[in-house]
>>> print(open('structure-v2.cif').read())   # mmCIF, N, CA and C atoms
data_final
loop_
_atom_site.label_atom_id
_atom_site.label_comp_id
_atom_site.auth_asym_id
_atom_site.auth_seq_id
_atom_site.Cartn_x
_atom_site.Cartn_y
_atom_site.Cartn_z
N MET T 1 -2.27 22.23 1.56
CA MET T 1 -1.71 22.15 0.22
C MET T 1 -2.78 21.60 -0.73
N ILE T 2 -2.85 22.18 -1.89
CA ILE T 2 -3.79 21.71 -2.90
C ILE T 2 -3.05 20.73 -3.80
N ASN T 3 -3.65 19.59 -4.02
CA ASN T 3 -3.02 18.55 -4.82
C ASN T 3 -3.00 18.97 -6.29
N PRO T 4 -1.80 19.09 -6.88
CA PRO T 4 -1.71 19.58 -8.27
C PRO T 4 -2.22 18.59 -9.31
N VAL T 5 -2.39 17.32 -8.97
CA VAL T 5 -2.83 16.34 -9.97
C VAL T 5 -4.29 15.93 -9.80
N LEU T 6 -5.00 16.50 -8.83
CA LEU T 6 -6.37 16.10 -8.56
C LEU T 6 -7.28 16.21 -9.80
N PRO T 7 -7.28 17.32 -10.53
CA PRO T 7 -8.18 17.40 -11.70
C PRO T 7 -7.86 16.35 -12.76
N GLN T 8 -6.56 16.08 -12.96
CA GLN T 8 -6.18 15.10 -13.96
C GLN T 8 -6.54 13.68 -13.51
N VAL T 9 -6.43 13.39 -12.23
CA VAL T 9 -6.83 12.08 -11.71
C VAL T 9 -8.33 11.88 -11.96
N LEU T 10 -9.13 12.89 -11.68
CA LEU T 10 -10.57 12.79 -11.90
C LEU T 10 -10.88 12.58 -13.38
N ARG T 11 -10.20 13.31 -14.24
CA ARG T 11 -10.42 13.16 -15.69
C ARG T 11 -10.12 11.73 -16.14
N VAL T 12 -8.99 11.17 -15.68
CA VAL T 12 -8.63 9.81 -16.08
C VAL T 12 -9.65 8.81 -15.53
N LEU T 13 -10.11 9.01 -14.30
CA LEU T 13 -11.12 8.11 -13.74
C LEU T 13 -12.39 8.13 -14.60
N ARG T 14 -12.80 9.29 -15.02
CA ARG T 14 -14.01 9.41 -15.83
C ARG T 14 -13.81 8.75 -17.21
N GLN T 15 -12.57 8.72 -17.70
CA GLN T 15 -12.28 8.09 -18.98
C GLN T 15 -12.25 6.56 -18.89
N HIS T 16 -12.23 6.04 -17.67
CA HIS T 16 -12.15 4.59 -17.45
C HIS T 16 -13.29 4.12 -16.55
N PRO T 17 -14.52 4.12 -17.07
CA PRO T 17 -15.65 3.71 -16.23
C PRO T 17 -15.57 2.25 -15.78
N GLU T 18 -14.76 1.46 -16.46
CA GLU T 18 -14.58 0.07 -16.08
C GLU T 18 -13.61 -0.09 -14.91
N GLY T 19 -12.94 0.99 -14.55
CA GLY T 19 -11.95 0.98 -13.48
C GLY T 19 -10.54 0.99 -14.05
N ILE T 20 -9.58 1.24 -13.19
CA ILE T 20 -8.18 1.36 -13.61
C ILE T 20 -7.31 0.99 -12.42
N SER T 21 -6.12 0.49 -12.69
CA SER T 21 -5.18 0.20 -11.60
C SER T 21 -4.38 1.47 -11.29
N GLU T 22 -3.81 1.51 -10.10
CA GLU T 22 -2.98 2.66 -9.75
C GLU T 22 -1.79 2.76 -10.70
N TYR T 23 -1.21 1.64 -11.07
CA TYR T 23 -0.06 1.63 -11.98
C TYR T 23 -0.43 2.29 -13.32
N ARG T 24 -1.55 1.87 -13.88
CA ARG T 24 -1.97 2.44 -15.17
C ARG T 24 -2.33 3.91 -15.03
N LEU T 25 -2.97 4.28 -13.93
CA LEU T 25 -3.28 5.69 -13.67
C LEU T 25 -1.99 6.51 -13.60
N MET T 26 -0.99 5.99 -12.88
CA MET T 26 0.29 6.69 -12.77
C MET T 26 0.95 6.84 -14.14
N LYS T 27 0.90 5.80 -14.95
CA LYS T 27 1.51 5.86 -16.29
C LYS T 27 0.80 6.89 -17.17
N GLU T 28 -0.52 6.97 -17.08
CA GLU T 28 -1.24 7.97 -17.88
C GLU T 28 -0.87 9.39 -17.43
N LEU T 29 -0.73 9.59 -16.12
CA LEU T 29 -0.35 10.91 -15.62
C LEU T 29 1.11 11.22 -15.95
N ASP T 30 1.96 10.19 -15.95
CA ASP T 30 3.36 10.37 -16.34
C ASP T 30 3.47 10.88 -17.78
N ARG T 31 2.62 10.36 -18.66
CA ARG T 31 2.65 10.79 -20.07
C ARG T 31 2.33 12.27 -20.22
N GLU T 32 1.65 12.81 -19.23
CA GLU T 32 1.31 14.24 -19.26
C GLU T 32 2.37 15.08 -18.54
N HIS T 33 3.44 14.44 -18.13
CA HIS T 33 4.57 15.11 -17.46
C HIS T 33 4.13 15.84 -16.18
N LEU T 34 3.23 15.22 -15.43
CA LEU T 34 2.72 15.85 -14.22
C LEU T 34 3.62 15.64 -13.01
N PHE T 35 4.59 14.76 -13.14
CA PHE T 35 5.42 14.42 -11.98
C PHE T 35 6.87 14.87 -12.12
N GLU T 36 7.12 15.87 -12.96
CA GLU T 36 8.49 16.31 -13.18
C GLU T 36 9.14 16.82 -11.89
N GLU T 37 8.39 17.50 -11.05
CA GLU T 37 8.95 18.00 -9.79
C GLU T 37 9.36 16.84 -8.88
N GLN T 38 8.56 15.77 -8.85
CA GLN T 38 8.87 14.63 -8.01
C GLN T 38 10.12 13.90 -8.51
N GLU T 39 10.36 13.93 -9.80
CA GLU T 39 11.53 13.26 -10.37
C GLU T 39 12.83 13.94 -9.94
N ARG T 40 12.76 15.20 -9.51
CA ARG T 40 13.96 15.95 -9.13
C ARG T 40 14.33 15.81 -7.66
N VAL T 41 13.57 15.03 -6.88
CA VAL T 41 13.85 14.97 -5.44
C VAL T 41 15.03 14.06 -5.12
N GLY T 42 15.49 13.26 -6.05
CA GLY T 42 16.65 12.41 -5.83
C GLY T 42 16.30 11.09 -5.18
N GLY T 43 17.30 10.22 -5.14
CA GLY T 43 17.09 8.90 -4.58
C GLY T 43 16.39 7.98 -5.57
N ASP T 44 16.30 6.72 -5.20
CA ASP T 44 15.66 5.75 -6.09
C ASP T 44 14.17 5.64 -5.83
N MET T 45 13.79 5.61 -4.56
CA MET T 45 12.40 5.33 -4.22
C MET T 45 11.58 6.57 -3.89
N LEU T 46 12.21 7.65 -3.49
CA LEU T 46 11.47 8.85 -3.09
C LEU T 46 10.60 9.42 -4.21
N PRO T 47 11.09 9.51 -5.45
CA PRO T 47 10.21 10.02 -6.51
C PRO T 47 8.97 9.13 -6.71
N LEU T 48 9.14 7.83 -6.67
CA LEU T 48 8.00 6.92 -6.81
C LEU T 48 7.03 7.08 -5.63
N TYR T 49 7.58 7.17 -4.42
CA TYR T 49 6.74 7.38 -3.24
C TYR T 49 5.91 8.65 -3.39
N ARG T 50 6.53 9.72 -3.85
CA ARG T 50 5.81 10.99 -3.96
C ARG T 50 4.73 10.94 -5.04
N LYS T 51 5.00 10.27 -6.15
CA LYS T 51 3.97 10.09 -7.18
C LYS T 51 2.79 9.31 -6.58
N HIS T 52 3.11 8.21 -5.92
CA HIS T 52 2.09 7.38 -5.29
C HIS T 52 1.29 8.20 -4.28
N PHE T 53 1.97 8.97 -3.47
CA PHE T 53 1.30 9.78 -2.46
C PHE T 53 0.34 10.77 -3.11
N LEU T 54 0.78 11.47 -4.15
CA LEU T 54 -0.08 12.45 -4.82
C LEU T 54 -1.33 11.79 -5.38
N ILE T 55 -1.16 10.62 -5.97
CA ILE T 55 -2.32 9.92 -6.53
C ILE T 55 -3.27 9.50 -5.42
N MET T 56 -2.74 8.89 -4.37
CA MET T 56 -3.61 8.42 -3.29
C MET T 56 -4.28 9.59 -2.57
N ASN T 57 -3.57 10.68 -2.37
CA ASN T 57 -4.15 11.86 -1.75
C ASN T 57 -5.31 12.38 -2.61
N ALA T 58 -5.10 12.44 -3.92
CA ALA T 58 -6.16 12.90 -4.82
C ALA T 58 -7.36 11.96 -4.75
N LEU T 59 -7.11 10.66 -4.73
CA LEU T 59 -8.20 9.70 -4.69
C LEU T 59 -9.02 9.83 -3.41
N TYR T 60 -8.34 9.94 -2.27
CA TYR T 60 -9.09 10.05 -1.01
C TYR T 60 -9.81 11.39 -0.91
N ASP T 61 -9.24 12.46 -1.47
CA ASP T 61 -9.98 13.73 -1.53
C ASP T 61 -11.21 13.58 -2.42
N LEU T 62 -11.02 12.96 -3.57
CA LEU T 62 -12.12 12.79 -4.51
C LEU T 62 -13.21 11.89 -3.95
N GLN T 63 -12.83 10.96 -3.10
CA GLN T 63 -13.83 10.07 -2.50
C GLN T 63 -14.92 10.89 -1.80
N ASP T 64 -14.52 11.84 -1.00
CA ASP T 64 -15.48 12.71 -0.31
C ASP T 64 -16.21 13.64 -1.28
N ILE T 65 -15.46 14.26 -2.17
CA ILE T 65 -16.04 15.23 -3.10
C ILE T 65 -17.10 14.57 -3.98
N LEU T 66 -16.77 13.41 -4.53
CA LEU T 66 -17.70 12.73 -5.44
C LEU T 66 -18.94 12.22 -4.72
N TRP T 67 -18.76 11.83 -3.46
CA TRP T 67 -19.93 11.39 -2.69
C TRP T 67 -20.86 12.58 -2.44
N GLU T 68 -20.28 13.70 -2.01
CA GLU T 68 -21.09 14.86 -1.65
C GLU T 68 -21.72 15.54 -2.86
N GLU T 69 -20.95 15.66 -3.95
CA GLU T 69 -21.43 16.42 -5.10
C GLU T 69 -22.19 15.59 -6.13
N GLU T 70 -21.87 14.30 -6.24
CA GLU T 70 -22.48 13.48 -7.29
C GLU T 70 -23.12 12.20 -6.77
N SER T 71 -23.06 11.99 -5.46
CA SER T 71 -23.57 10.76 -4.85
C SER T 71 -22.94 9.52 -5.50
N ARG T 72 -21.64 9.62 -5.80
CA ARG T 72 -20.92 8.50 -6.40
C ARG T 72 -19.92 7.97 -5.39
N VAL T 73 -19.68 6.68 -5.46
CA VAL T 73 -18.74 6.01 -4.57
C VAL T 73 -17.46 5.76 -5.34
N LEU T 74 -16.32 6.15 -4.78
CA LEU T 74 -15.03 5.90 -5.39
C LEU T 74 -14.37 4.74 -4.63
N GLU T 75 -14.23 3.62 -5.30
CA GLU T 75 -13.58 2.44 -4.72
C GLU T 75 -12.08 2.56 -4.97
N ILE T 76 -11.29 2.41 -3.89
CA ILE T 76 -9.85 2.62 -4.00
C ILE T 76 -9.10 1.39 -3.50
N SER T 77 -8.28 0.84 -4.38
CA SER T 77 -7.28 -0.16 -3.99
C SER T 77 -6.17 -0.03 -5.03
N PRO T 78 -4.97 -0.52 -4.75
CA PRO T 78 -3.88 -0.38 -5.73
C PRO T 78 -4.17 -1.07 -7.07
N LEU T 79 -4.94 -2.15 -7.03
CA LEU T 79 -5.19 -2.90 -8.25
C LEU T 79 -6.47 -2.50 -8.97
N TYR T 80 -7.35 -1.80 -8.27
CA TYR T 80 -8.63 -1.44 -8.88
C TYR T 80 -9.17 -0.16 -8.26
N ILE T 81 -9.33 0.84 -9.12
CA ILE T 81 -9.90 2.13 -8.71
C ILE T 81 -11.06 2.38 -9.65
N ALA T 82 -12.24 2.60 -9.09
CA ALA T 82 -13.40 2.79 -9.96
C ALA T 82 -14.45 3.65 -9.30
N LEU T 83 -15.16 4.39 -10.14
CA LEU T 83 -16.31 5.20 -9.71
C LEU T 83 -17.57 4.37 -9.90
N HIS T 84 -18.42 4.36 -8.90
CA HIS T 84 -19.69 3.65 -8.98
C HIS T 84 -20.82 4.60 -8.63
N ASP T 85 -21.97 4.36 -9.24
CA ASP T 85 -23.16 5.09 -8.83
C ASP T 85 -23.57 4.62 -7.45
N ARG T 86 -24.24 5.48 -6.73
CA ARG T 86 -24.73 5.13 -5.39
C ARG T 86 -25.64 3.93 -5.50
N GLN T 87 -25.46 3.00 -4.60
CA GLN T 87 -26.34 1.83 -4.55
C GLN T 87 -27.58 2.20 -3.76
N GLY T 88 -28.70 1.58 -4.06
CA GLY T 88 -29.95 1.87 -3.42
C GLY T 88 -29.96 1.63 -1.93
N LYS T 89 -29.02 0.83 -1.43
CA LYS T 89 -29.03 0.50 0.00
C LYS T 89 -28.57 1.66 0.89
N HIS T 90 -28.01 2.73 0.30
CA HIS T 90 -27.54 3.86 1.09
C HIS T 90 -28.64 4.90 1.22
N ASP T 91 -28.85 5.36 2.42
CA ASP T 91 -29.78 6.48 2.63
C ASP T 91 -29.14 7.75 2.12
N ASP T 92 -29.95 8.77 1.93
CA ASP T 92 -29.41 10.04 1.46
C ASP T 92 -28.38 10.63 2.42
N ASP T 93 -28.55 10.38 3.71
CA ASP T 93 -27.66 10.99 4.70
C ASP T 93 -26.51 10.10 5.14
N SER T 94 -26.47 8.84 4.72
CA SER T 94 -25.43 7.95 5.23
C SER T 94 -24.37 7.70 4.17
N GLU T 95 -23.13 7.84 4.59
CA GLU T 95 -22.02 7.58 3.69
C GLU T 95 -21.64 6.10 3.78
N PRO T 96 -21.09 5.57 2.69
CA PRO T 96 -20.58 4.20 2.77
C PRO T 96 -19.43 4.14 3.79
N ALA T 97 -19.20 2.99 4.36
CA ALA T 97 -18.10 2.81 5.32
C ALA T 97 -16.82 2.55 4.53
N TRP T 98 -16.23 3.60 3.98
CA TRP T 98 -15.07 3.41 3.11
C TRP T 98 -13.77 3.91 3.72
N TYR T 99 -13.81 4.62 4.80
CA TYR T 99 -12.62 5.32 5.27
C TYR T 99 -11.65 4.41 6.00
N PRO T 100 -10.77 3.74 5.28
CA PRO T 100 -9.76 2.93 5.96
C PRO T 100 -8.72 3.83 6.61
N LEU T 101 -7.91 3.24 7.44
CA LEU T 101 -6.84 4.01 8.10
C LEU T 101 -5.89 4.63 7.09
N LEU T 102 -5.75 4.03 5.93
CA LEU T 102 -4.86 4.60 4.91
C LEU T 102 -5.26 6.01 4.51
N SER T 103 -6.55 6.30 4.51
CA SER T 103 -6.98 7.63 4.11
C SER T 103 -6.40 8.70 5.04
N GLU T 104 -6.34 8.41 6.32
CA GLU T 104 -5.77 9.38 7.26
C GLU T 104 -4.32 9.66 6.92
N TYR T 105 -3.59 8.63 6.54
CA TYR T 105 -2.18 8.78 6.17
C TYR T 105 -2.06 9.65 4.92
N TYR T 106 -2.79 9.28 3.88
CA TYR T 106 -2.63 9.97 2.60
C TYR T 106 -3.24 11.36 2.56
N LEU T 107 -4.08 11.70 3.49
CA LEU T 107 -4.62 13.05 3.54
C LEU T 107 -3.78 13.99 4.40
N ASP T 108 -2.73 13.47 5.00
CA ASP T 108 -1.83 14.26 5.84
C ASP T 108 -0.59 14.64 5.03
N TRP T 109 -0.53 15.89 4.60
CA TRP T 109 0.57 16.36 3.75
C TRP T 109 1.92 16.32 4.44
N ASP T 110 1.97 16.24 5.76
CA ASP T 110 3.25 16.15 6.46
C ASP T 110 4.03 14.91 6.01
N TYR T 111 3.34 13.81 5.73
CA TYR T 111 4.02 12.61 5.26
C TYR T 111 4.68 12.85 3.91
N TYR T 112 4.01 13.57 3.06
CA TYR T 112 4.58 13.90 1.74
C TYR T 112 5.84 14.74 1.90
N ARG T 113 5.77 15.74 2.75
CA ARG T 113 6.88 16.68 2.92
C ARG T 113 8.06 16.10 3.68
N THR T 114 7.80 15.24 4.66
CA THR T 114 8.88 14.83 5.58
C THR T 114 9.43 13.44 5.35
N THR T 115 8.76 12.61 4.55
CA THR T 115 9.27 11.25 4.33
C THR T 115 10.55 11.31 3.51
N THR T 116 11.57 10.60 3.98
CA THR T 116 12.88 10.58 3.32
C THR T 116 13.12 9.24 2.64
N GLU T 117 14.17 9.19 1.87
CA GLU T 117 14.59 7.93 1.23
C GLU T 117 14.86 6.87 2.30
N GLU T 118 15.44 7.28 3.42
CA GLU T 118 15.72 6.35 4.52
C GLU T 118 14.43 5.80 5.13
N ASP T 119 13.42 6.65 5.26
CA ASP T 119 12.12 6.20 5.77
C ASP T 119 11.52 5.13 4.84
N ILE T 120 11.64 5.35 3.56
CA ILE T 120 11.10 4.40 2.58
C ILE T 120 11.86 3.08 2.65
N ASP T 121 13.19 3.17 2.76
CA ASP T 121 13.99 1.95 2.91
C ASP T 121 13.56 1.17 4.14
N GLN T 122 13.29 1.87 5.23
CA GLN T 122 12.85 1.21 6.47
C GLN T 122 11.48 0.55 6.27
N MET T 123 10.56 1.26 5.61
CA MET T 123 9.24 0.68 5.34
C MET T 123 9.37 -0.59 4.50
N MET T 124 10.24 -0.55 3.50
CA MET T 124 10.42 -1.71 2.63
C MET T 124 11.02 -2.89 3.40
N ARG T 125 11.99 -2.61 4.27
CA ARG T 125 12.56 -3.68 5.10
C ARG T 125 11.49 -4.31 5.98
N GLU T 126 10.68 -3.49 6.60
CA GLU T 126 9.62 -4.00 7.47
C GLU T 126 8.62 -4.84 6.70
N LEU T 127 8.27 -4.40 5.50
CA LEU T 127 7.35 -5.18 4.67
C LEU T 127 7.95 -6.53 4.29
N ARG T 128 9.22 -6.53 3.91
CA ARG T 128 9.87 -7.79 3.56
C ARG T 128 9.90 -8.73 4.75
N GLU T 129 10.21 -8.20 5.93
CA GLU T 129 10.26 -9.03 7.13
C GLU T 129 8.90 -9.62 7.46
N GLN T 130 7.85 -8.85 7.27
CA GLN T 130 6.49 -9.33 7.54
C GLN T 130 6.08 -10.44 6.59
N HIS T 131 6.63 -10.42 5.37
CA HIS T 131 6.19 -11.37 4.35
C HIS T 131 7.19 -12.50 4.12
N MET T 132 8.26 -12.53 4.88
CA MET T 132 9.24 -13.62 4.74
C MET T 132 8.71 -14.86 5.43
N PRO T 133 8.86 -16.02 4.79
CA PRO T 133 8.42 -17.25 5.46
C PRO T 133 9.28 -17.53 6.69
N ARG T 134 8.61 -18.00 7.72
CA ARG T 134 9.33 -18.32 8.95
C ARG T 134 9.61 -19.82 8.98
N HIS T 135 10.80 -20.16 9.41
CA HIS T 135 11.19 -21.57 9.45
C HIS T 135 11.07 -22.13 10.84
#
>>> encode(input="structure-v2.cif", output="structure tokens")
Amino acid sequence: MINPVLPQVLRVLRQHPEGISEYRLMKELDREHLFEEQERVGGDMLPLYRKHFLIMNALYDLQDILWEEESRVLEISPLYIALHDRQGKHDDDSEPAWYPLLSEYYLDWDYYRTTTEEDIDQMMRELREQHMPRH
């Protein structure tokens, strides 16, 4: 599947050389009405999950593309996404060690297609349990 928001994500990244948060990136793409299809999937969390997935999928795709085509490093985290020029410490043939396990998840379109509202509820419960203080 080709990510329908990839070109717009790249454009917004280029407009923000200082970096941008995922939230702000999502809001800018929302203003362009790029997520109307995701809004129709129903449920409370599934549309947000799908928007997030599309953005992260585009970012991880762009990470490889920008390295190969422009020798630029794309730093990805929910709070800070930024394009950087290649640092001198990298050889021409060596890529930065950027591929976290999350990239494997977000590059697999099966998660986008098959994740349900119930799956998201379960993920949220597990996250809350992990972060609850223990007495």
>>> select_by_dssp(input="structure-v2.cif", residues="chain T", states="helix (DSSP H, G or I)", output="PyMOL selection string")
chain T and resi 6-15+22-31+36-39+46-70+101-106+109-114+117-131
>>> residues_around(input="structure-v2.cif", residues="Leu66 of chain T", least_positions_apart="6", cutoff="12 Å", atoms="only C-alpha atoms", output="ChimeraX atom specification")
/T:10,13-14,58-60,72-75,82-86,95
>>> residues_near_point(input="structure-v2.cif", point="(15.3, 11.6, -2.1)", cutoff="8 Å", atoms="only N, CA and C atoms", output="VMD selection string")
chain T and resid 40 to 47 115 to 118
>>> write_last_selection(input="structure-v2.cif", atoms="N, CA and C atoms", output="compact mmCIF listing (two decimals), in the coordinates of the input")
# COMPACT_ATOMS: atom_id res chain seq x y z
N ARG T 40 12.76 15.20 -9.51
CA ARG T 40 13.96 15.95 -9.13
C ARG T 40 14.33 15.81 -7.66
N VAL T 41 13.57 15.03 -6.88
CA VAL T 41 13.85 14.97 -5.44
C VAL T 41 15.03 14.06 -5.12
N GLY T 42 15.49 13.26 -6.05
CA GLY T 42 16.65 12.41 -5.83
C GLY T 42 16.30 11.09 -5.18
N GLY T 43 17.30 10.22 -5.14
CA GLY T 43 17.09 8.90 -4.58
C GLY T 43 16.39 7.98 -5.57
N ASP T 44 16.30 6.72 -5.20
CA ASP T 44 15.66 5.75 -6.09
C ASP T 44 14.17 5.64 -5.83
N MET T 45 13.79 5.61 -4.56
CA MET T 45 12.40 5.33 -4.22
C MET T 45 11.58 6.57 -3.89
N LEU T 46 12.21 7.65 -3.49
CA LEU T 46 11.47 8.85 -3.09
C LEU T 46 10.60 9.42 -4.21
N PRO T 47 11.09 9.51 -5.45
CA PRO T 47 10.21 10.02 -6.51
C PRO T 47 8.97 9.13 -6.71
N THR T 115 8.76 12.61 4.55
CA THR T 115 9.27 11.25 4.33
C THR T 115 10.55 11.31 3.51
N THR T 116 11.57 10.60 3.98
CA THR T 116 12.88 10.58 3.32
C THR T 116 13.12 9.24 2.64
N GLU T 117 14.17 9.19 1.87
CA GLU T 117 14.59 7.93 1.23
C GLU T 117 14.86 6.87 2.30
N GLU T 118 15.44 7.28 3.42
CA GLU T 118 15.72 6.35 4.52
C GLU T 118 14.43 5.80 5.13
>>> atom_distance(input="structure-v2.cif", atom1="atom CA of Asp119 of chain T", atom2="atom N of Glu36 of chain T")
21.7 Å
>>> axis_aligned_box(input="structure-v2.cif", around="segment 10-17 of chain T", padding_each_side="5 Å", output="JSON")
{"center_x": -12.1, "center_y": 7.8, "center_z": -15.3, "size_x": 17.0, "size_y": 21.1, "size_z": 17.3}
>>> select_by_dssp(input="structure-v2.cif", residues="chain T", states="strand (DSSP E or B)", output="list of chain:residue names")
T:Ile20, T:Arg72, T:Val73, T:Leu74, T:Glu75, T:Ile76, T:Ile81, T:Ala82, T:Leu83, T:His84, T:Asp85
>>> residues_around(input="structure-v2.cif", residues="segment 28-35 of chain T", least_positions_apart="2", cutoff="10 Å", atoms="only C-alpha atoms", output="number ranges by chain")
T: 4-5, 8-9, 12, 22-26, 37-40, 47-48, 50-51, 54-55
>>> closest_residue(input="structure-v2.cif", among="T:Met56, T:Ile81, T:Leu101, T:Ile120", to="His16 of chain T", atoms="all atoms listed in the file")
T:Ile81
>>> atom_distance(input="structure-v2.cif", atom1="atom CA of Asp108 of chain T", atom2="atom CA of Arg11 of chain T")
23.2 Å
>>> residues_near_point(input="structure-v2.cif", point="(-8.3, 2.2, 5.0)", cutoff="12 Å", atoms="only C-alpha atoms", output="number ranges by chain")
T: 56, 60, 75-78, 97-107
>>> atom_distance(input="structure-v2.cif", atom1="atom CA of Leu6 of chain T", atom2="atom CA of Trp109 of chain T")
14.1 Å
